[in-house]
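work.json (JSON, C-alpha atoms)
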```json
[["chain", "number", "residue", "atom", "x", "y", "z"],
["A", 1, "MET", "CA", -9.36, 37.16, -90.08],
["A", 2, "GLU", "CA", -8.77, 33.41, -90.17],
["A", 3, "ASP", "CA", -11.62, 31.07, -89.38],
["A", 4, "ARG", "CA", -11.34, 29.46, -85.98],
["A", 5, "LEU", "CA", -12.73, 26.07, -85.10],
["A", 6, "ILE", "CA", -15.37, 26.13, -82.38],
["A", 7, "LYS", "CA", -14.23, 24.74, -79.06],
["A", 8, "TYR", "CA", -16.41, 23.02, -76.49],
["A", 9, "TRP", "CA", -16.43, 23.45, -72.73],
["A", 10, "LEU", "CA", -18.19, 22.43, -69.53],
["A", 11, "MET", "CA", -18.78, 25.08, -66.86],
["A", 12, "LYS", "CA", -20.23, 24.57, -63.39],
["A", 13, "ALA", "CA", -22.57, 26.57, -61.15],
["A", 14, "GLU", "CA", -24.51, 25.88, -57.97],
["A", 15, "PRO", "CA", -28.30, 25.57, -58.37],
["A", 16, "ASP", "CA", -29.06, 25.69, -54.63],
["A", 17, "SER", "CA", -28.95, 28.72, -52.35],
["A", 18, "ARG", "CA", -25.78, 29.22, -50.33],
["A", 19, "VAL", "CA", -24.88, 32.51, -48.69],
["A", 20, "VAL", "CA", -21.26, 33.67, -48.70],
["A", 21, "LYS", "CA", -20.37, 37.06, -47.18],
["A", 22, "GLY", "CA", -24.05, 37.91, -47.09],
["A", 23, "LYS", "CA", -24.61, 37.14, -50.77],
["A", 24, "ASP", "CA", -26.38, 34.19, -52.34],
["A", 25, "VAL", "CA", -24.09, 32.42, -54.83],
["A", 26, "LYS", "CA", -26.94, 30.33, -56.28],
["A", 27, "PHE", "CA", -27.08, 30.23, -60.08],
["A", 28, "SER", "CA", -29.33, 27.56, -61.55],
["A", 29, "VAL", "CA", -30.48, 26.93, -65.10],
["A", 30, "ASP", "CA", -33.63, 28.89, -64.16],
["A", 31, "ASP", "CA", -31.48, 31.89, -63.19],
["A", 32, "PHE", "CA", -29.38, 31.54, -66.33],
["A", 33, "GLU", "CA", -32.44, 31.45, -68.58],
["A", 34, "SER", "CA", -33.87, 34.48, -66.76],
["A", 35, "VAL", "CA", -30.81, 36.74, -67.19],
["A", 36, "GLY", "CA", -29.85, 35.51, -70.66],
["A", 37, "ILE", "CA", -26.22, 36.67, -70.54],
["A", 38, "THR", "CA", -23.95, 36.61, -67.49],
["A", 39, "PRO", "CA", -20.28, 37.26, -66.66],
["A", 40, "TRP", "CA", -18.66, 34.04, -65.41],
["A", 41, "GLU", "CA", -16.96, 35.62, -62.43],
["A", 42, "GLY", "CA", -15.31, 34.05, -59.42],
["A", 43, "VAL", "CA", -13.01, 31.40, -60.92],
["A", 44, "ARG", "CA", -9.99, 31.20, -58.63],
["A", 45, "ASN", "CA", -8.00, 28.32, -60.06],
["A", 46, "PHE", "CA", -5.11, 28.94, -62.45],
["A", 47, "GLU", "CA", -5.88, 26.04, -64.78],
["A", 48, "ALA", "CA", -9.57, 26.97, -65.02],
["A", 49, "ARG", "CA", -8.62, 30.62, -65.58],
["A", 50, "ASN", "CA", -6.24, 29.69, -68.40],
["A", 51, "LEU", "CA", -8.95, 27.61, -70.06],
["A", 52, "MET", "CA", -11.29, 30.61, -70.02],
["A", 53, "LYS", "CA", -8.56, 32.74, -71.60],
["A", 54, "GLU", "CA", -8.61, 30.30, -74.53],
["A", 55, "MET", "CA", -12.33, 30.82, -75.12],
["A", 56, "ALA", "CA", -13.70, 32.86, -78.00],
["A", 57, "VAL", "CA", -17.09, 34.16, -79.03],
["A", 58, "GLY", "CA", -19.21, 31.31, -80.36],
["A", 59, "ASP", "CA", -17.61, 28.51, -78.34],
["A", 60, "LYS", "CA", -20.17, 26.05, -76.94],
["A", 61, "ILE", "CA", -20.76, 25.38, -73.23],
["A", 62, "LEU", "CA", -22.36, 22.52, -71.33],
["A", 63, "PHE", "CA", -24.01, 24.17, -68.30],
["A", 64, "TYR", "CA", -23.53, 21.91, -65.28],
["A", 65, "HIS", "CA", -25.33, 21.88, -61.92],
["A", 66, "SER", "CA", -22.80, 21.27, -59.15],
["A", 67, "ASN", "CA", -22.73, 20.94, -55.36],
["A", 68, "CYS", "CA", -26.27, 19.60, -55.22],
["A", 69, "LYS", "CA", -28.13, 16.34, -54.61],
["A", 70, "ASN", "CA", -28.23, 15.43, -58.29],
["A", 71, "PRO", "CA", -25.36, 17.05, -60.23],
["A", 72, "GLY", "CA", -25.40, 16.96, -63.99],
["A", 73, "ILE", "CA", -25.81, 18.82, -67.28],
["A", 74, "ALA", "CA", -28.86, 21.08, -67.15],
["A", 75, "GLY", "CA", -28.50, 23.21, -70.25],
["A", 76, "PHE", "CA", -26.50, 24.63, -73.13],
["A", 77, "ALA", "CA", -24.83, 28.00, -73.59],
["A", 78, "GLU", "CA", -22.20, 29.76, -75.65],
["A", 79, "VAL", "CA", -19.44, 32.29, -75.12],
["A", 80, "SER", "CA", -20.67, 35.79, -75.98],
["A", 81, "LYS", "CA", -17.54, 37.72, -74.93],
["A", 82, "GLY", "CA", -13.92, 36.58, -74.67],
["A", 83, "ALA", "CA", -11.81, 36.72, -71.52],
["A", 84, "TYR", "CA", -11.42, 40.02, -69.66],
["A", 85, "PRO", "CA", -10.32, 40.88, -66.08],
["A", 86, "ASP", "CA", -12.59, 39.60, -63.31],
["A", 87, "TYR", "CA", -13.30, 42.81, -61.39],
["A", 88, "THR", "CA", -14.89, 40.88, -58.48],
["A", 89, "ALA", "CA", -11.38, 39.80, -57.43],
["A", 90, "TRP", "CA", -10.57, 43.28, -56.07],
["A", 91, "ASP", "CA", -13.97, 43.89, -54.46],
["A", 92, "ARG", "CA", -13.49, 43.27, -50.72],
["A", 93, "ALA", "CA", -17.23, 42.76, -50.19],
["A", 94, "HIS", "CA", -17.46, 40.11, -52.88],
["A", 95, "PRO", "CA", -17.31, 36.36, -52.11],
["A", 96, "TYR", "CA", -14.50, 35.98, -54.66],
["A", 97, "PHE", "CA", -12.21, 38.73, -53.34],
["A", 98, "ASP", "CA", -8.47, 38.08, -53.72],
["A", 99, "GLU", "CA", -6.17, 40.53, -51.96],
["A", 100, "LYS", "CA", -3.23, 39.57, -54.20],
["A", 101, "THR", "CA", -4.69, 41.10, -57.35],
["A", 102, "ASP", "CA", -5.73, 44.62, -58.29],
["A", 103, "LYS", "CA", -6.97, 46.73, -61.20],
["A", 104, "ASP", "CA", -3.46, 47.56, -62.42],
["A", 105, "ASN", "CA", -2.28, 43.95, -62.34],
["A", 106, "PRO", "CA", -5.30, 41.63, -62.75],
["A", 107, "LYS", "CA", -4.69, 37.97, -62.02],
["A", 108, "TRP", "CA", -8.14, 36.52, -62.65],
["A", 109, "PHE", "CA", -10.26, 36.62, -65.78],
["A", 110, "MET", "CA", -13.78, 35.76, -66.86],
["A", 111, "VAL", "CA", -15.91, 35.43, -69.97],
["A", 112, "ASP", "CA", -19.53, 36.29, -70.70],
["A", 113, "ALA", "CA", -21.83, 33.33, -71.36],
["A", 114, "LYS", "CA", -25.17, 33.42, -73.17],
["A", 115, "PHE", "CA", -27.96, 31.00, -72.36],
["A", 116, "VAL", "CA", -29.05, 28.91, -75.37],
["A", 117, "SER", "CA", -31.43, 26.21, -74.14],
["A", 118, "ARG", "CA", -32.36, 23.84, -71.36],
["A", 119, "ALA", "CA", -31.56, 20.16, -71.58],
["A", 120, "ARG", "CA", -34.88, 18.53, -72.42],
["A", 121, "HIS", "CA", -33.68, 15.56, -70.37],
["A", 122, "PHE", "CA", -31.33, 16.44, -67.50],
["A", 123, "VAL", "CA", -28.12, 14.39, -67.98],
["A", 124, "PRO", "CA", -27.00, 13.28, -64.51],
["A", 125, "LEU", "CA", -23.40, 12.75, -63.49],
["A", 126, "SER", "CA", -24.39, 9.29, -62.23],
["A", 127, "LEU", "CA", -25.37, 8.27, -65.77],
["A", 128, "LEU", "CA", -22.12, 9.57, -67.27],
["A", 129, "ARG", "CA", -20.15, 7.67, -64.65],
["A", 130, "TYR", "CA", -22.21, 4.55, -65.24],
["A", 131, "ILE", "CA", -21.33, 4.68, -68.95],
["A", 132, "ALA", "CA", -17.67, 5.44, -68.21],
["A", 133, "ASP", "CA", -17.34, 2.55, -65.74],
["A", 134, "ASP", "CA", -19.03, -0.02, -67.98],
["A", 135, "PRO", "CA", -16.30, -2.21, -69.57],
["A", 136, "SER", "CA", -18.41, -2.72, -72.69],
["A", 137, "SER", "CA", -17.81, -0.52, -75.72],
["A", 138, "GLU", "CA", -21.55, -0.55, -76.34],
["A", 139, "PRO", "CA", -23.98, 1.77, -74.53],
["A", 140, "PRO", "CA", -26.72, 0.49, -72.19],
["A", 141, "GLU", "CA", -29.73, -0.86, -74.07],
["A", 142, "GLU", "CA", -31.92, 2.01, -72.87],
["A", 143, "ILE", "CA", -29.71, 4.50, -74.73],
["A", 144, "GLY", "CA", -28.70, 2.33, -77.63],
["A", 145, "TYR", "CA", -28.67, 5.37, -79.91],
["A", 146, "VAL", "CA", -25.29, 6.37, -78.43],
["A", 147, "THR", "CA", -22.47, 5.22, -80.71],
["A", 148, "PRO", "CA", -19.31, 3.39, -79.55],
["A", 149, "ASN", "CA", -17.37, 6.58, -80.30],
["A", 150, "GLY", "CA", -19.84, 8.46, -78.13],
["A", 151, "VAL", "CA", -19.22, 6.03, -75.28],
["A", 152, "LYS", "CA", -15.48, 6.49, -75.73],
["A", 153, "SER", "CA", -15.82, 10.28, -75.64],
["A", 154, "ILE", "CA", -17.78, 10.14, -72.37],
["A", 155, "ARG", "CA", -15.09, 7.96, -70.81],
["A", 156, "ALA", "CA", -12.52, 10.60, -71.72],
["A", 157, "MET", "CA", -14.45, 13.49, -70.12],
["A", 158, "PRO", "CA", -12.44, 15.31, -67.43],
["A", 159, "LEU", "CA", -15.73, 15.34, -65.50],
["A", 160, "VAL", "CA", -15.40, 11.58, -64.91],
["A", 161, "THR", "CA", -11.61, 11.24, -65.08],
["A", 162, "ARG", "CA", -10.48, 14.25, -63.05],
["A", 163, "GLY", "CA", -13.40, 15.63, -61.08],
["A", 164, "ARG", "CA", -14.03, 19.05, -59.65],
["A", 165, "LEU", "CA", -12.24, 21.54, -61.88],
["A", 166, "SER", "CA", -14.99, 24.09, -62.54],
["A", 167, "VAL", "CA", -14.07, 24.79, -66.18],
["A", 168, "GLN", "CA", -13.26, 21.81, -68.38],
["A", 169, "ARG", "CA", -12.61, 20.93, -71.99],
["A", 170, "VAL", "CA", -15.15, 18.84, -73.90],
["A", 171, "SER", "CA", -14.49, 17.13, -77.22],
["A", 172, "GLY", "CA", -16.72, 17.77, -80.21],
["A", 173, "GLU", "CA", -17.75, 14.11, -80.21],
["A", 174, "CYS", "CA", -18.70, 14.30, -76.53],
["A", 175, "TRP", "CA", -20.65, 17.51, -77.07],
["A", 176, "GLY", "CA", -22.70, 15.91, -79.83],
["A", 177, "THR", "CA", -23.31, 12.80, -77.73],
["A", 178, "VAL", "CA", -24.47, 14.75, -74.68],
["A", 179, "GLU", "CA", -26.66, 16.99, -76.82],
["A", 180, "MET", "CA", -28.30, 13.90, -78.34],
["A", 181, "MET", "CA", -28.78, 12.31, -74.92],
["A", 182, "ALA", "CA", -30.34, 15.51, -73.57],
["A", 183, "GLY", "CA", -32.79, 15.45, -76.46],
["A", 184, "LYS", "CA", -33.74, 11.77, -76.42],
["A", 185, "GLY", "CA", -33.42, 10.58, -72.80],
["A", 186, "GLY", "CA", -34.33, 6.94, -72.17],
["A", 187, "TRP", "CA", -32.47, 6.20, -68.92],
["A", 188, "GLU", "CA", -35.28, 7.13, -66.53],
["A", 189, "SER", "CA", -35.85, 3.50, -65.48],
["A", 190, "MET", "CA", -32.16, 2.70, -65.07],
["A", 191, "SER", "CA", -30.42, 2.27, -61.72],
["A", 192, "PHE", "CA", -26.94, 3.69, -61.28],
["A", 193, "ALA", "CA", -26.21, 2.22, -57.84],
["A", 194, "LYS", "CA", -22.59, 1.25, -57.34],
["A", 195, "LYS", "CA", -21.74, -2.38, -56.74],
["A", 196, "LYS", "CA", -20.77, -3.25, -53.19],
["A", 197, "ALA", "CA", -17.20, -4.31, -52.63],
["A", 198, "THR", "CA", -16.87, -8.00, -51.76],
["A", 199, "LYS", "CA", -14.03, -7.52, -49.31],
["A", 200, "ALA", "CA", -12.32, -4.49, -47.86],
["A", 201, "ARG", "CA", -8.60, -4.58, -48.49],
["A", 202, "GLN", "CA", -6.27, -3.07, -45.92],
["A", 203, "PRO", "CA", -4.00, -0.41, -47.45],
["A", 204, "THR", "CA", -0.30, -1.16, -47.42],
["A", 205, "LYS", "CA", 2.37, 1.30, -46.39],
["A", 206, "GLU", "CA", 3.16, 1.89, -50.07],
["A", 207, "THR", "CA", -0.45, 2.69, -51.02],
["A", 208, "LYS", "CA", -0.81, 5.03, -48.04],
["A", 209, "THR", "CA", 2.30, 6.92, -49.14],
["A", 210, "THR", "CA", 1.05, 7.11, -52.74],
["A", 211, "SER", "CA", -2.38, 8.32, -51.63],
["A", 212, "ALA", "CA", -0.86, 11.04, -49.47],
["A", 213, "ARG", "CA", 1.38, 12.15, -52.34],
["A", 214, "ASN", "CA", -1.55, 12.29, -54.76],
["A", 215, "ALA", "CA", -3.61, 14.27, -52.24],
["A", 216, "ARG", "CA", -0.83, 16.84, -51.93],
["A", 217, "LYS", "CA", -0.62, 17.14, -55.72],
["A", 218, "LYS", "CA", -4.39, 17.66, -56.02],
["A", 219, "LYS", "CA", -4.36, 20.32, -53.31],
["A", 220, "ALA", "CA", -1.52, 22.19, -54.99],
["A", 221, "SER", "CA", -3.12, 22.10, -58.44],
["A", 222, "GLY", "CA", -6.68, 22.87, -57.34],
["A", 223, "GLU", "CA", -7.90, 19.50, -58.62],
["A", 224, "GLU", "CA", -10.64, 17.80, -56.63],
["A", 225, "ASP", "CA", -12.96, 14.85, -57.05],
["A", 226, "ASP", "CA", -16.41, 15.63, -58.37],
["A", 227, "ASP", "CA", -18.96, 13.40, -56.65],
["A", 228, "GLU", "CA", -22.66, 13.70, -55.94],
["A", 229, "SER", "CA", -22.29, 14.58, -52.27],
["A", 230, "GLY", "CA", -18.99, 16.44, -52.10],
["A", 231, "ASP", "CA", -18.96, 18.66, -55.18],
["A", 232, "VAL", "CA", -18.40, 22.17, -53.82],
["A", 233, "HIS", "CA", -18.29, 24.02, -57.13],
["A", 234, "PHE", "CA", -20.47, 26.96, -57.92],
["A", 235, "LYS", "CA", -20.19, 29.78, -60.43],
["A", 236, "GLY", "CA", -17.15, 31.13, -58.70],
["A", 237, "ASP", "CA", -15.76, 27.92, -57.31],
["A", 238, "SER", "CA", -15.59, 27.67, -53.49],
["A", 239, "GLY", "CA", -12.82, 25.10, -53.72],
["A", 240, "GLU", "CA", -10.86, 27.47, -55.93],
["A", 241, "ARG", "CA", -11.63, 30.41, -53.60],
["A", 242, "GLN", "CA", -10.33, 28.37, -50.66],
["A", 243, "GLN", "CA", -7.08, 27.85, -52.58],
["A", 244, "VAL", "CA", -6.64, 31.62, -52.85],
["A", 245, "GLN", "CA", -7.35, 32.12, -49.15],
["A", 246, "GLU", "CA", -4.80, 29.46, -48.21],
["A", 247, "GLU", "CA", -2.19, 31.08, -50.44],
["A", 248, "ALA", "CA", -2.82, 34.44, -48.77],
["A", 249, "SER", "CA", -2.66, 33.12, -45.19],
["A", 250, "SER", "CA", 0.13, 30.52, -45.43],
["A", 251, "PRO", "CA", 3.69, 31.07, -46.71],
["A", 252, "PRO", "CA", 4.99, 28.41, -49.14],
["A", 253, "LYS", "CA", 6.78, 25.50, -47.47],
["A", 254, "LYS", "CA", 10.53, 25.35, -47.84],
["A", 255, "GLY", "CA", 11.96, 22.85, -50.25],
["A", 256, "ARG", "CA", 8.77, 22.54, -52.34],
["A", 257, "LYS", "CA", 8.26, 24.05, -55.78],
["A", 258, "ARG", "CA", 5.15, 26.05, -56.48],
["A", 259, "LYS", "CA", 2.83, 24.56, -59.07],
["A", 260, "VAL", "CA", 2.31, 27.93, -60.75],
["A", 261, "SER", "CA", 5.37, 29.21, -62.59],
["A", 262, "ASP", "CA", 6.50, 32.79, -62.93],
["A", 263, "ALA", "CA", 5.73, 32.48, -66.63],
["A", 264, "THR", "CA", 2.09, 31.83, -65.79],
["A", 265, "ARG", "CA", 1.98, 34.98, -63.69],
["A", 266, "ARG", "CA", 3.69, 37.06, -66.37],
["A", 267, "GLU", "CA", 1.03, 36.21, -68.92],
["A", 268, "ASP", "CA", -1.38, 38.38, -66.95],
["A", 269, "ASP", "CA", 0.79, 41.49, -67.36],
["A", 270, "GLY", "CA", -0.23, 44.06, -69.92],
["A", 271, "GLN", "CA", -3.88, 43.06, -70.08],
["A", 272, "ASN", "CA", -6.35, 45.86, -70.87],
["A", 273, "LEU", "CA", -9.14, 46.34, -68.42],
["A", 274, "ALA", "CA", -12.67, 46.09, -69.82],
["A", 275, "PRO", "CA", -15.55, 48.23, -68.55],
["A", 276, "ARG", "CA", -17.42, 46.71, -65.66],
["A", 277, "ARG", "CA", -20.62, 44.80, -66.26],
["A", 278, "LYS", "CA", -23.05, 44.22, -63.46],
["A", 279, "SER", "CA", -22.92, 40.64, -62.27],
["A", 280, "THR", "CA", -26.15, 38.75, -62.65],
["A", 281, "ARG", "CA", -24.96, 35.68, -60.84],
["A", 282, "ILE", "CA", -24.79, 37.01, -57.28],
["A", 283, "LYS", "CA", -27.94, 37.91, -55.42],
["A", 284, "LYS", "CA", -27.86, 40.29, -52.48]]
```

Could you rewrite the structure in this file as C-alpha cells?
Amino acid sequence: MEDRLIKYWLMKAEPDSRVVKGKDVKFSVDDFESVGITPWEGVRNFEARNLMKEMAVGDKILFYHSNCKNPGIAGFAEVSKGAYPDYTAWDRAHPYFDEKTDKDNPKWFMVDAKFVSRARHFVPLSLLRYIADDPSSEPPEEIGYVTPNGVKSIRAMPLVTRGRLSVQRVSGECWGTVEMMAGKGGWESMSFAKKKATKARQPTKETKTTSARNARKKKASGEEDDDESGDVHFKGDSGERQQVQEEASSPPKKGRKRKVSDATRREDDGQNLAPRRKSTRIKK
C-alpha cells in the first residue's frame, strides 16, 4: 500500500443547545472530549459530502464551534474511519432525514472523528478575520511568532474567504499556524472591532443585479457566509438540511441548470453499506 500524505480539514459543530425534532443537536468540545469518537452525521451539502469522501484515517481536523456568540477553533481531532453511508438520512425521526435517499441507494456519507485535544487558547473567528483583513504581511505584534507564510495561509482559509460550508479544506501551513496559535495565545488584550464606514454608498443598478446573481449562486451551491451572529452550522448543518428540504418541496425552475450533475449522483452508486454505529452527537 502506497503512503498517503496527511490531509487537513476544518469541521463545524454547534456548542449551544438547540432542539430539532425533539432532539438536541448540541455538540461542543466538552461533548467531543467526553465521547472520544463520534460519527460525523448530518452533512447535507454535496460539496461538504464530497470532501468527507476524500478523507482517510489519520487526517487531521480543526474542531470549530459554530452558530454561537463566539465562533472559533476549540480543539483538534483526527479521522478514525473513512467515509461510509450516513444512516441518519433515512431515519424519519432524525433531524437530518432526507426522503430522497435510502439504504439501497445512499446519497449522504459521513466519517468517524476521534478527539485529540482541546485548544489551550481558543482561536476565535474574529482573530482570524482580523489577520486576514490586515493589509500587512506581518502579524500583529501580540502574535509576532506567526510567520508571514502563516499569515498568508490564514488569508487563504475558506473559513474567511467563503464562509459557512461546514466541512472545509485546510492547508498544512495553516494547520501548523493555528496549532501554534492555540498553544501560545497572546491576543487576549487585542480588539477586533470593525472600522466604521465613513460614508454609506448607494448601490447602483449594476451592483444590485450582481448581488442578486451571487445570492442565487450561493443558494444553489449551499455556500453561505460565516459570521459571528448568523452562522447556522452545527454537526449536521442546518443550512445544508434546509437545502435538502427545499429540493424536496420545490421542483427545479425551468431554464436553469442544476448545480449538481448526474455524474455527482452516479458516484454514490455501488457503495457498500457499513454497520450502524450509535450516534453520540444527538441527545434525546

Selection near range 75-92 of chain A, 8 Å with all atoms listed in the file, sequence-local residues under 4 positions removed, as a ChimeraX atom specification: /A:29,37,41-42,52-64,96-99,101-103,106-119,122,271-274,276

Residue nearest Gly185 in chain A - candidates A:Pro158, A:Gly150, A:Pro124, A:Pro135, atoms counted: only C-alpha atoms: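 Closest to Gly185 in chain A of all the choices is A:Pro124.
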
Length of the CA of Asp30 in chain A to CA of Val167 in chain A vector [Å]: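 Distance between the two atoms: 20.1 Å.
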
6 Å contact set for Glu14 in chain A, only C-alpha atoms, chain neighbours under 5 positions out, as a PyMOL selection string: chain A and resi 26-27+65-67+234

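From CA of His121 in chain A back to CA of Met157 in chain A, the distance works out to 19.3 Å.
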
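For the pair CA of Ala74 in chain A and CA of Lys23 in chain A, the separation is 23.3 Å.
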
For range 169-176 of chain A: contacts at 6 Å, all atoms listed in the file, fewer than 6 positions along chain excluded, given as number ranges by chain: A: 8-9, 153-154

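Comparing A:Thr177, A:Asn105, A:Ser189, A:Ser28 by their smallest distance to Tyr145 in chain A, the closest is A:Thr177 (using all atoms listed in the file).
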
Residue contacts of Leu128 in chain A (9 Å, all atoms listed in the file) excluding same-chain residues fewer than 2 positions away, as a PyMOL selection string: chain A and resi 72+123-126+130-133+154-155+159-160

9 Å contact set for Lys21 in chain A, only C-alpha atoms, chain neighbours under 6 positions out, as a PyMOL selection string: chain A and resi 93-95

Residue list as number ranges by chain for point (-27.0, 6.6, -60.7), cut-off 6 Å, all atoms listed in the file: A: 126-127, 191-193

Minimum-distance residue to Glu179 in chain A, chosen among A:Pro139, A:Ala48, A:Pro148, A:Arg120 (using all atoms listed in the file):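 The closest residue to Glu179 in chain A is A:Arg120.
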
Give, as JSON, the centre coordinates and the x, y and z edge lengths in Å to one decimal for an axis-aligned box around all listed atoms of range 85-102 of chain A, padded by 5 Å on each side.
```
{"center_x": -10.3, "center_y": 40.3, "center_z": -58.1, "size_x": 24.2, "size_y": 18.6, "size_z": 25.9}
```
